[in-house]
Amino acid sequence: MNAPANTKPRVEMQAIGKSFPGVRALSNVDFTLHPGEVHALLGENGAGKSTLIKILTGALKRDAGEIRLDGKAVNFNSTGEAQAHGISTVYQEVNLIPAMSVTKNLTLGPSRGALGVISWGKARKRAREKLARLKLNIDTEQPVGSFSVAVQQLVAIAHALDDDTSVLVLDEPTASLDAQETATLFAIIRDLKARGMAIVFITHFLDQVYEISDRISVLRNGNLVGTHMVSNISRQDLISEMIGRELGEIEARLAHKDQAGQGKQKLVARNLGRKRTLKPFDLTLHAGEVVGLAGLLGSGRTEMTKLVFGAIRSDSGEIHVDGADMSGTTPRRSLASGIAFCPEDRKAEGLVGDLSIRENIMLSMQAKRGWLRQLPRREQEKIAGEMIRALGIATPDAEKPVRQLSGGNQQKVVLARALASNPGVLLLDEPTRGIDVGAHAEIITLIRRLCDDGMALLVASSELDEIVAASDRVAVLRDREKVGEIDGADINRDNIIRMIAGDDSGQH
Amino acid sequence: MSKKYLPLAATIAVFLALFLVGGSMYRNFLSTLVLGNILADNAFIIIAAIGATFVILSGGIDLSIGSMIGLVGVCMAVLDRMGWHPLATAAVMICFGILYGALQGFIIDYCDIQPFIVTLAGLFLLRGLCFMVTLESVPIRHDFVDLYASAKIPLPGRGVLRSSALVMLAALALAIFIAHFTRFGNNVYAIGGDKESARLMGVNVRRTTIGIYAIGGFYSALAGVVYALYTSSGYPLAGSTLELSAIAAVVLGGTLLTGGVGMVAGTLFGGMILGLISTLIIFHGSLNSAWIMISSGVLLFAFIVLHRFLVSSFDLRGTS
Amino acid sequence: MPGRLKALAQSRAVWPLLALVLILIIAGSVSPNFFEIRIVEGRLFGNLIDILYRAVPTALVALGMAVVIGTRGIDLSVGSIIAIVGAVIVWRIKMGDPHITILFTALAAGILCGMWNGFLVSALKIQPIIATLILMVAGRGIGMLINQLYGGTDPSFESALLQWMSTGSIWLIPTRLVLAAAIFLVLWLLIRRTALGLFIESVGGNAAASNLAGVRAGLIIFVAYVLSGLLSAWAGVIMTADTHTSDPVSVALYIELDAILAVVIGGGSLAGGRIYLGMTVIGALVIQALTTATLISGLPPEYNLIIKALVVLSVLFLQSANARKALGGLVSRRSA
């Protein structure tokens, strides 16, 4: 194991073990943090990253091993205790109270004297000071929910940073940020580094790992695979440590695509749009073709898929599916005419957590049949079983509540529901979000296979590499407007980025 | 800053409008006499509703309010019969209210049972205790009662602020202080806004929840004291279905039942609106409780629809 | 064997059934002949029959409540709906309608109330607890108004049909039990043998996801409140015919609380999702058994409220994971 020279570690975790019923989440994991370093923590979902962090920050109790803070053994029974020792966390979903002002949010925290009287003048001053350290200048009396996600993230970081914070854990901080906002965040991280803070950086964006971190630790299946100085490991090696095989292989396999063979038009949208959501656009989906949807966060990718599906009502334009006029469509009508949709946010819009896997998979089909004609139980089980096998959903049985599955498997259930109704058109919004690298490749392979079988697909994604690997055509969005398309052989990262950036480079 | 005061503004507007409507329909309506009477007659409901406001702001609910009022009343009457001074019994009962409330809060958080159910059990439990103490109305005869009834501060015009109203205003001032000027109050709003986020931000949810329901218990018990002194008796059925009126007062006062949004001061006006409605109907002479119920329902409906459209025009995530 | 015992202990059905059995056993030990059933005047009598008999109105309301709670909602107006239904019955009787028509008019009144609630919740998107609060507050007033306008001086009546349904019997069994069983059967078929149950549980679990999956969440929620209104109307018919008078002020006071309790004892969660129809009925029986047992044991009726509160808290306590952990692993981890 390599470590920065001459500095004593601030945090030492040794031989950490943790089990849940039926699952060994962590075994014999070591993790150290030195002041002034950014230590990236990588691993697939289910590898144990969040468990390790929760143990560090006091949200979970470990079964085995030791934690030492500045050399002294510690035992945290609550997040409050960890915070009192200087360990703060900023989570992926910004955990602030949206209706409360920024000042009030920054005043919340482990109570030193719960009934303490607040002087709002002092609170406002302190809030502004905290934000100033992060170079943020906003009206702190506005409800924090009225600001952009990037600003909220910075407020969350400001909240996490106390005078005595010495360890900062950032859990997927850039997941909802665009390139500019990420750059601002990284500048702040470097600043904190320089002031001696130890930072844990959890992410799945490999580029960012190389850009900002000093050391990298990789977890796989609850074990520590290795800890490296960032300069000592190549991207390829890192990926193979994470998934145990070369992603490049898979990418190469998918690299060839037939230019010819554009099937018949399945879906034609003309001038489809909605005020303040998306400027009117044209889009055509052909059978046996994958159209990728690329653009920065906030450019309107999700909105485009939802407009096509009818989940957002359009106020201009028309849609024709298989020739029939479907304008003013709703999700129900779309499903009835063979269009299926997998939403981006599977927890809020995709799955019903308490229902079983089988019920989730069958839901759309049943909705299509109506309430009276119940699908016979045997047939439900048959179809669910087929889907589970076809997509490789890891579960002993189909009756488990779907919320007990891991993220990747949950995503597959969403997909299964869409595929169960045998759609002619499939709309996917971020199909690989939040799932491990290994499953990414599986899903992309699946997309290509469906396409080869004659389905028309629209795939919106923030992962450019996946769009390049999967698409026959790419539609590019910028600022809620479709700005162009890229075809066949011209599809590559640079071309897409260039089109997103547009002619005037000073845009973002 | 302006948007969040809209529900409160609406409440005050409706209150003034109702007052003016009454003034246009009846002579002598637009007077501090009427105002003072409304405050005194409804003081106990408003006090109870103030406690309910804290609970509702945190996203919870307290159904045991009415039963606490009944229990406090009968206990005061019985202890009065045994020679205790009403202020002493008041102190004891208020302590009981705080402890019982804290117990409810603890059960709600520790056992993770919904507030509706726990306080529902409280409603039954306290009412049962009430009946065990006495099945009939018991008068409170101590001299203090007369002192209490006669104490008053004159208002401009012919109106007066009686003791009940004064206690209520003091209780309101305390509540406003706690809600808006203490860390605890901040935590209450946070838990109501997004409990999990509050927890992750380091708010001690258990301690705050216990505190919230303890305050609820405090105000319920105080309301019971005021009611008992006001009616100079302990009546085992006192406060029956009062939790309904308290919740209505809170909603009319601009607090969202989902929690996180609202103001204690609004509850004052919400309660006064309820009082105004009964007064209007009494003035009308028909004393028809049917119309009181129906018009309360209609007003509640109007307010709820108003809130609904105000909230949907806010930029507030997370309160759906 | 231990595995099966553990699985049994973890099933939601255990606690309400256990509670019921426990209460009956305690009652039986306190009062001799508790379980005796006699036939008097061509009809079954006995404490057990009595419990079933008296639990019918609450059970009917609780079934409607279970459906509404399944959609992540709540219906506080059920008592007021019963009050309105009672007033409507008296009104139509005074108007001279044939009694069978009056039955349907009463049910229609309940459906109308349910539609009002459903409209507020599903079309205006008002939060259920507030939306149904409106009818709860205004409903008894509406009942009183109907009485004043149409009930004449004396809001009581005679109706052979309605009274037979409520207090009569068919071949030894009280008619209302047969009626309740039939209603339960129809509801069960509706919820479990059509996709309605799935849709309700789906909408309650995640309305947004259900919409995107093609389920008409708004319609399902509307239907749930209509069902609750209809079932409350049935309870209203039975309760009104029982006393053969309309008393909007005090009829069915607190029935909504008992109904919600029955649903929760039966394993339902106020956060929506799974519906347990059978267990809800058991929950209603638990509440009624408590009342009867208290009476039989000679305790003053005031004790009934306290005992009800304590039993409810105990059942919920035991259903709570934290509490069970604190009891030191008597029942180990459950998969919720």
# chains A, B, ... in the order shown; residues from 1 in each chain; ligands from 1
>>> closest_atom_pairs(of="chain A", to="chain C", cutoff="9 Å", atoms="only C-alpha atoms", output="tab-separated table")
residue	atom	partner	partner_atom	distance
A:Ala311	CA	C:Leu212	CA	6.9
A:Thr330	CA	C:Gly214	CA	8.6
A:Pro331	CA	C:Gly214	CA	5.7
A:Arg332	CA	C:Gly214	CA	4.4
A:Arg333	CA	C:Gly214	CA	8.1
A:Ser334	CA	C:Gly214	CA	8.7
A:Leu335	CA	C:Gly214	CA	6.8
A:Ala336	CA	C:Gly214	CA	8.8
A:Ala340	CA	C:Ala213	CA	8.6
A:Phe341	CA	C:Leu212	CA	7.9
A:Cys342	CA	C:Leu212	CA	8.8
A:Pro343	CA	C:Leu212	CA	8.4
A:Arg346	CA	C:Ala209	CA	8.2
A:Lys347	CA	C:Ala209	CA	8.4
A:Ala348	CA	C:Ala209	CA	6.7
A:Glu349	CA	C:Ala209	CA	4.0
A:Gly350	CA	C:Ala209	CA	4.9
A:Leu351	CA	C:Ala209	CA	6.0
A:Val352	CA	C:Asn206	CA	5.3
A:Gly353	CA	C:Gly205	CA	6.8
A:Asp354	CA	C:Gly205	CA	6.5
A:Leu355	CA	C:Ser202	CA	7.1
A:Glu359	CA	C:Leu198	CA	7.8
A:Asn360	CA	C:Ser202	CA	8.6
A:Leu363	CA	C:Ala213	CA	6.6
A:Ser364	CA	C:Ala213	CA	5.0
A:Met365	CA	C:Gly214	CA	8.6
A:Gln366	CA	C:Ala195	CA	7.2
A:Ala367	CA	C:Val215	CA	5.3
A:Lys368	CA	C:Gly214	CA	7.0
A:Gly370	CA	C:Ala195	CA	7.5
A:Trp371	CA	C:Ala195	CA	4.6
A:Leu372	CA	C:Thr194	CA	5.1
A:Arg373	CA	C:Thr194	CA	6.3
A:Gln374	CA	C:Thr194	CA	5.0
A:Leu375	CA	C:Ala195	CA	8.0
A:Arg417	CA	C:Ala213	CA	8.4
A:Ala418	CA	C:Ala213	CA	8.5
>>> interface_residues(of="chain A", to="chain B", cutoff="7 Å", atoms="only C-alpha atoms", output="ChimeraX atom specification")
/A:79-80,95-99,108-111,114-118,141-142,145-146
>>> closest_atom_pairs(of="chain B", to="chain C", cutoff="9 Å", atoms="only C-alpha atoms", output="CSV")
residue,atom,partner,partner_atom,distance
B:Ile107,CA,C:Phe317,CA,8.8
B:Tyr110,CA,C:Asn322,CA,6.7
B:Cys111,CA,C:Asn322,CA,5.5
B:Asp112,CA,C:Ser320,CA,6.7
B:Ile113,CA,C:Ser320,CA,7.2
B:Gln114,CA,C:Leu270,CA,7.7
B:Phe116,CA,C:Leu270,CA,9.0
B:Ile117,CA,C:Leu261,CA,7.3
B:Val118,CA,C:Leu313,CA,7.2
B:Leu120,CA,C:Leu257,CA,7.3
B:Ala121,CA,C:Ala309,CA,4.5
B:Gly122,CA,C:Ala309,CA,6.9
B:Leu123,CA,C:Ala309,CA,8.1
B:Phe124,CA,C:Leu305,CA,5.0
B:Leu125,CA,C:Ile306,CA,4.4
B:Leu126,CA,C:Ile306,CA,7.5
B:Arg127,CA,C:Leu305,CA,7.1
B:Gly128,CA,C:Leu305,CA,4.9
B:Leu129,CA,C:Ile306,CA,6.9
B:Cys130,CA,C:Glu302,CA,8.4
B:Phe131,CA,C:Glu302,CA,5.5
B:Met132,CA,C:Glu302,CA,6.1
B:Leu135,CA,C:Glu302,CA,8.7
B:Thr241,CA,C:Tyr254,CA,8.8
B:Leu244,CA,C:Val137,CA,7.9
B:Ser245,CA,C:Val137,CA,8.8
B:Ala248,CA,C:Leu133,CA,8.4
B:Val251,CA,C:Ile130,CA,8.5
B:Leu257,CA,C:Ile130,CA,7.4
B:Thr258,CA,C:Gln127,CA,8.2
B:Ser289,CA,C:Gly141,CA,7.0
B:Ala290,CA,C:Gly141,CA,3.9
B:Trp291,CA,C:Gly141,CA,6.4
B:Ile292,CA,C:Gly141,CA,7.5
B:Met293,CA,C:Ala138,CA,4.9
B:Ile294,CA,C:Ala138,CA,4.3
B:Ser295,CA,C:Ala138,CA,7.2
B:Ser296,CA,C:Ala138,CA,6.8
B:Gly297,CA,C:Ala138,CA,4.6
B:Val298,CA,C:Ile134,CA,7.4
B:Leu299,CA,C:Ile134,CA,8.9
B:Leu300,CA,C:Ile134,CA,6.3
B:Phe301,CA,C:Ile134,CA,6.1
B:Ile304,CA,C:Ile126,CA,7.5
B:Val305,CA,C:Ile126,CA,7.5
B:Arg308,CA,C:Ile126,CA,6.7
B:Ser320,CA,C:Gln127,CA,8.6
>>> closest_residue(among="A:Ile443, A:Val459, A:Ile199, A:Leu428", to="A:Ile393", atoms="only C-alpha atoms")
A:Ile443
>>> residues_around(residues="stretch 61-68 of chain A", least_positions_apart="3", cutoff="9 Å", atoms="only C-alpha atoms", output="PDB file with N, CA and C atoms, in the first residue's frame")
ATOM      1  N   ARG A  10      -4.787  10.729   9.578  1.00  0.00           N
ATOM      2  CA  ARG A  10      -5.777  11.289  10.473  1.00  0.00           C
ATOM      3  C   ARG A  10      -6.769  10.194  10.876  1.00  0.00           C
ATOM      4  N   VAL A  11      -7.159   9.409   9.873  1.00  0.00           N
ATOM      5  CA  VAL A  11      -8.121   8.333  10.141  1.00  0.00           C
ATOM      6  C   VAL A  11      -7.488   7.010   9.734  1.00  0.00           C
ATOM      7  N   GLU A  12      -7.568   6.027  10.624  1.00  0.00           N
ATOM      8  CA  GLU A  12      -7.126   4.683  10.258  1.00  0.00           C
ATOM      9  C   GLU A  12      -8.263   3.717  10.530  1.00  0.00           C
ATOM     10  N   MET A  13      -8.696   3.045   9.476  1.00  0.00           N
ATOM     11  CA  MET A  13      -9.677   1.989   9.670  1.00  0.00           C
ATOM     12  C   MET A  13      -8.965   0.686   9.371  1.00  0.00           C
ATOM     13  N   GLN A  14      -9.022  -0.257  10.313  1.00  0.00           N
ATOM     14  CA  GLN A  14      -8.281  -1.504  10.128  1.00  0.00           C
ATOM     15  C   GLN A  14      -9.173  -2.708  10.248  1.00  0.00           C
ATOM     16  N   ALA A  15      -9.071  -3.587   9.266  1.00  0.00           N
ATOM     17  CA  ALA A  15      -9.756  -4.876   9.309  1.00  0.00           C
ATOM     18  C   ALA A  15     -11.235  -4.736   9.606  1.00  0.00           C
ATOM     19  N   ILE A  16     -11.861  -3.790   8.958  1.00  0.00           N
ATOM     20  CA  ILE A  16     -13.279  -3.548   9.212  1.00  0.00           C
ATOM     21  C   ILE A  16     -14.113  -4.667   8.612  1.00  0.00           C
ATOM     22  N   GLY A  17     -15.041  -5.180   9.417  1.00  0.00           N
ATOM     23  CA  GLY A  17     -15.963  -6.199   8.924  1.00  0.00           C
ATOM     24  C   GLY A  17     -17.388  -5.799   9.260  1.00  0.00           C
ATOM     25  N   LYS A  18     -18.317  -6.151   8.386  1.00  0.00           N
ATOM     26  CA  LYS A  18     -19.733  -5.844   8.671  1.00  0.00           C
ATOM     27  C   LYS A  18     -20.601  -6.809   7.896  1.00  0.00           C
ATOM     28  N   SER A  19     -21.558  -7.401   8.580  1.00  0.00           N
ATOM     29  CA  SER A  19     -22.484  -8.310   7.915  1.00  0.00           C
ATOM     30  C   SER A  19     -23.910  -7.876   8.134  1.00  0.00           C
ATOM     31  N   SER A  27     -15.409  -7.267   4.465  1.00  0.00           N
ATOM     32  CA  SER A  27     -14.559  -8.143   5.263  1.00  0.00           C
ATOM     33  C   SER A  27     -13.105  -7.708   5.153  1.00  0.00           C
ATOM     34  N   ASN A  28     -12.551  -7.457   6.296  1.00  0.00           N
ATOM     35  CA  ASN A  28     -11.120  -7.172   6.422  1.00  0.00           C
ATOM     36  C   ASN A  28     -10.671  -5.999   5.548  1.00  0.00           C
ATOM     37  N   VAL A  29     -11.429  -4.892   5.652  1.00  0.00           N
ATOM     38  CA  VAL A  29     -11.093  -3.741   4.810  1.00  0.00           C
ATOM     39  C   VAL A  29     -10.270  -2.740   5.603  1.00  0.00           C
ATOM     40  N   ASP A  30      -9.176  -2.303   5.009  1.00  0.00           N
ATOM     41  CA  ASP A  30      -8.363  -1.243   5.595  1.00  0.00           C
ATOM     42  C   ASP A  30      -8.557   0.030   4.804  1.00  0.00           C
ATOM     43  N   LEU A  52     -18.901   1.183   4.187  1.00  0.00           N
ATOM     44  CA  LEU A  52     -17.654   1.630   4.816  1.00  0.00           C
ATOM     45  C   LEU A  52     -17.793   3.065   5.318  1.00  0.00           C
ATOM     46  N   LYS A  54     -20.559   4.710   5.971  1.00  0.00           N
ATOM     47  CA  LYS A  54     -21.514   4.825   7.073  1.00  0.00           C
ATOM     48  C   LYS A  54     -20.896   4.396   8.390  1.00  0.00           C
ATOM     49  N   ILE A  55     -19.983   3.423   8.327  1.00  0.00           N
ATOM     50  CA  ILE A  55     -19.300   3.030   9.554  1.00  0.00           C
ATOM     51  C   ILE A  55     -18.380   4.149  10.024  1.00  0.00           C
ATOM     52  N   LEU A  56     -17.701   4.761   9.084  1.00  0.00           N
ATOM     53  CA  LEU A  56     -16.801   5.858   9.448  1.00  0.00           C
ATOM     54  C   LEU A  56     -17.571   7.015  10.070  1.00  0.00           C
ATOM     55  N   GLY A  58     -20.466   6.984  11.539  1.00  0.00           N
ATOM     56  CA  GLY A  58     -21.288   6.692  12.701  1.00  0.00           C
ATOM     57  C   GLY A  58     -22.726   6.311  12.408  1.00  0.00           C
ATOM     58  N   GLY A  71      -4.729   8.596  15.899  1.00  0.00           N
ATOM     59  CA  GLY A  71      -4.046   7.646  16.758  1.00  0.00           C
ATOM     60  C   GLY A  71      -4.870   7.096  17.905  1.00  0.00           C
ATOM     61  N   LYS A  72      -5.968   7.746  18.222  1.00  0.00           N
ATOM     62  CA  LYS A  72      -6.771   7.257  19.367  1.00  0.00           C
ATOM     63  C   LYS A  72      -7.947   6.436  18.868  1.00  0.00           C
ATOM     64  N   ALA A  73      -8.187   5.312  19.533  1.00  0.00           N
ATOM     65  CA  ALA A  73      -9.304   4.466  19.122  1.00  0.00           C
ATOM     66  C   ALA A  73     -10.636   5.156  19.416  1.00  0.00           C
ATOM     67  N   VAL A  74     -11.557   5.064  18.493  1.00  0.00           N
ATOM     68  CA  VAL A  74     -12.872   5.686  18.681  1.00  0.00           C
ATOM     69  C   VAL A  74     -13.998   4.726  18.338  1.00  0.00           C
ATOM     70  N   ASN A  75     -15.146   5.001  18.916  1.00  0.00           N
ATOM     71  CA  ASN A  75     -16.360   4.222  18.670  1.00  0.00           C
ATOM     72  C   ASN A  75     -17.515   5.173  18.494  1.00  0.00           C
ATOM     73  N   PHE A  76     -18.027   5.315  17.300  1.00  0.00           N
ATOM     74  CA  PHE A  76     -19.124   6.252  17.104  1.00  0.00           C
ATOM     75  C   PHE A  76     -20.444   5.539  17.192  1.00  0.00           C
ATOM     76  N   ASN A  77     -21.344   6.040  18.010  1.00  0.00           N
ATOM     77  CA  ASN A  77     -22.664   5.440  18.113  1.00  0.00           C
ATOM     78  C   ASN A  77     -23.713   6.202  17.318  1.00  0.00           C
ATOM     79  N   SER A  78     -23.354   7.343  16.823  1.00  0.00           N
ATOM     80  CA  SER A  78     -24.332   8.110  16.055  1.00  0.00           C
ATOM     81  C   SER A  78     -23.580   9.072  15.144  1.00  0.00           C
TER      82      SER A  78
END
>>> closest_residue(among="C:Ser169, C:Ser246, C:Thr71, C:Gln163", to="C:Arg92", atoms="only C-alpha atoms")
C:Ser246
>>> residues_around(residues="stretch 153-162 of chain C", least_positions_apart="2", cutoff="6 Å", atoms="only C-alpha atoms", output="number ranges by chain")
C: 151, 164-165, 241, 244-246
>>> write_last_selection(atoms="N, CA and C atoms", output="PDB file, in the first residue's frame")
ATOM      1  N   GLY C 151     -87.400  16.053   8.587  1.00  0.00           N
ATOM      2  CA  GLY C 151     -87.600  14.944   9.518  1.00  0.00           C
ATOM      3  C   GLY C 151     -88.858  15.095  10.349  1.00  0.00           C
ATOM      4  N   TRP C 164     -85.409  -5.536   9.780  1.00  0.00           N
ATOM      5  CA  TRP C 164     -85.048  -6.945   9.633  1.00  0.00           C
ATOM      6  C   TRP C 164     -83.588  -7.080   9.241  1.00  0.00           C
ATOM      7  N   MET C 165     -83.138  -6.202   8.322  1.00  0.00           N
ATOM      8  CA  MET C 165     -81.757  -6.284   7.877  1.00  0.00           C
ATOM      9  C   MET C 165     -80.810  -6.045   9.046  1.00  0.00           C
ATOM     10  N   ALA C 241     -81.207   1.739  11.391  1.00  0.00           N
ATOM     11  CA  ALA C 241     -82.344   0.842  11.567  1.00  0.00           C
ATOM     12  C   ALA C 241     -82.321   0.215  12.959  1.00  0.00           C
ATOM     13  N   HIS C 244     -83.799   2.777  15.058  1.00  0.00           N
ATOM     14  CA  HIS C 244     -84.838   3.374  14.209  1.00  0.00           C
ATOM     15  C   HIS C 244     -85.094   4.836  14.503  1.00  0.00           C
ATOM     16  N   THR C 245     -84.005   5.567  14.513  1.00  0.00           N
ATOM     17  CA  THR C 245     -84.127   7.010  14.599  1.00  0.00           C
ATOM     18  C   THR C 245     -82.875   7.634  14.005  1.00  0.00           C
ATOM     19  N   SER C 246     -82.985   8.893  13.589  1.00  0.00           N
ATOM     20  CA  SER C 246     -81.822   9.564  13.025  1.00  0.00           C
ATOM     21  C   SER C 246     -81.280  10.547  14.051  1.00  0.00           C
TER      22      SER C 246
END
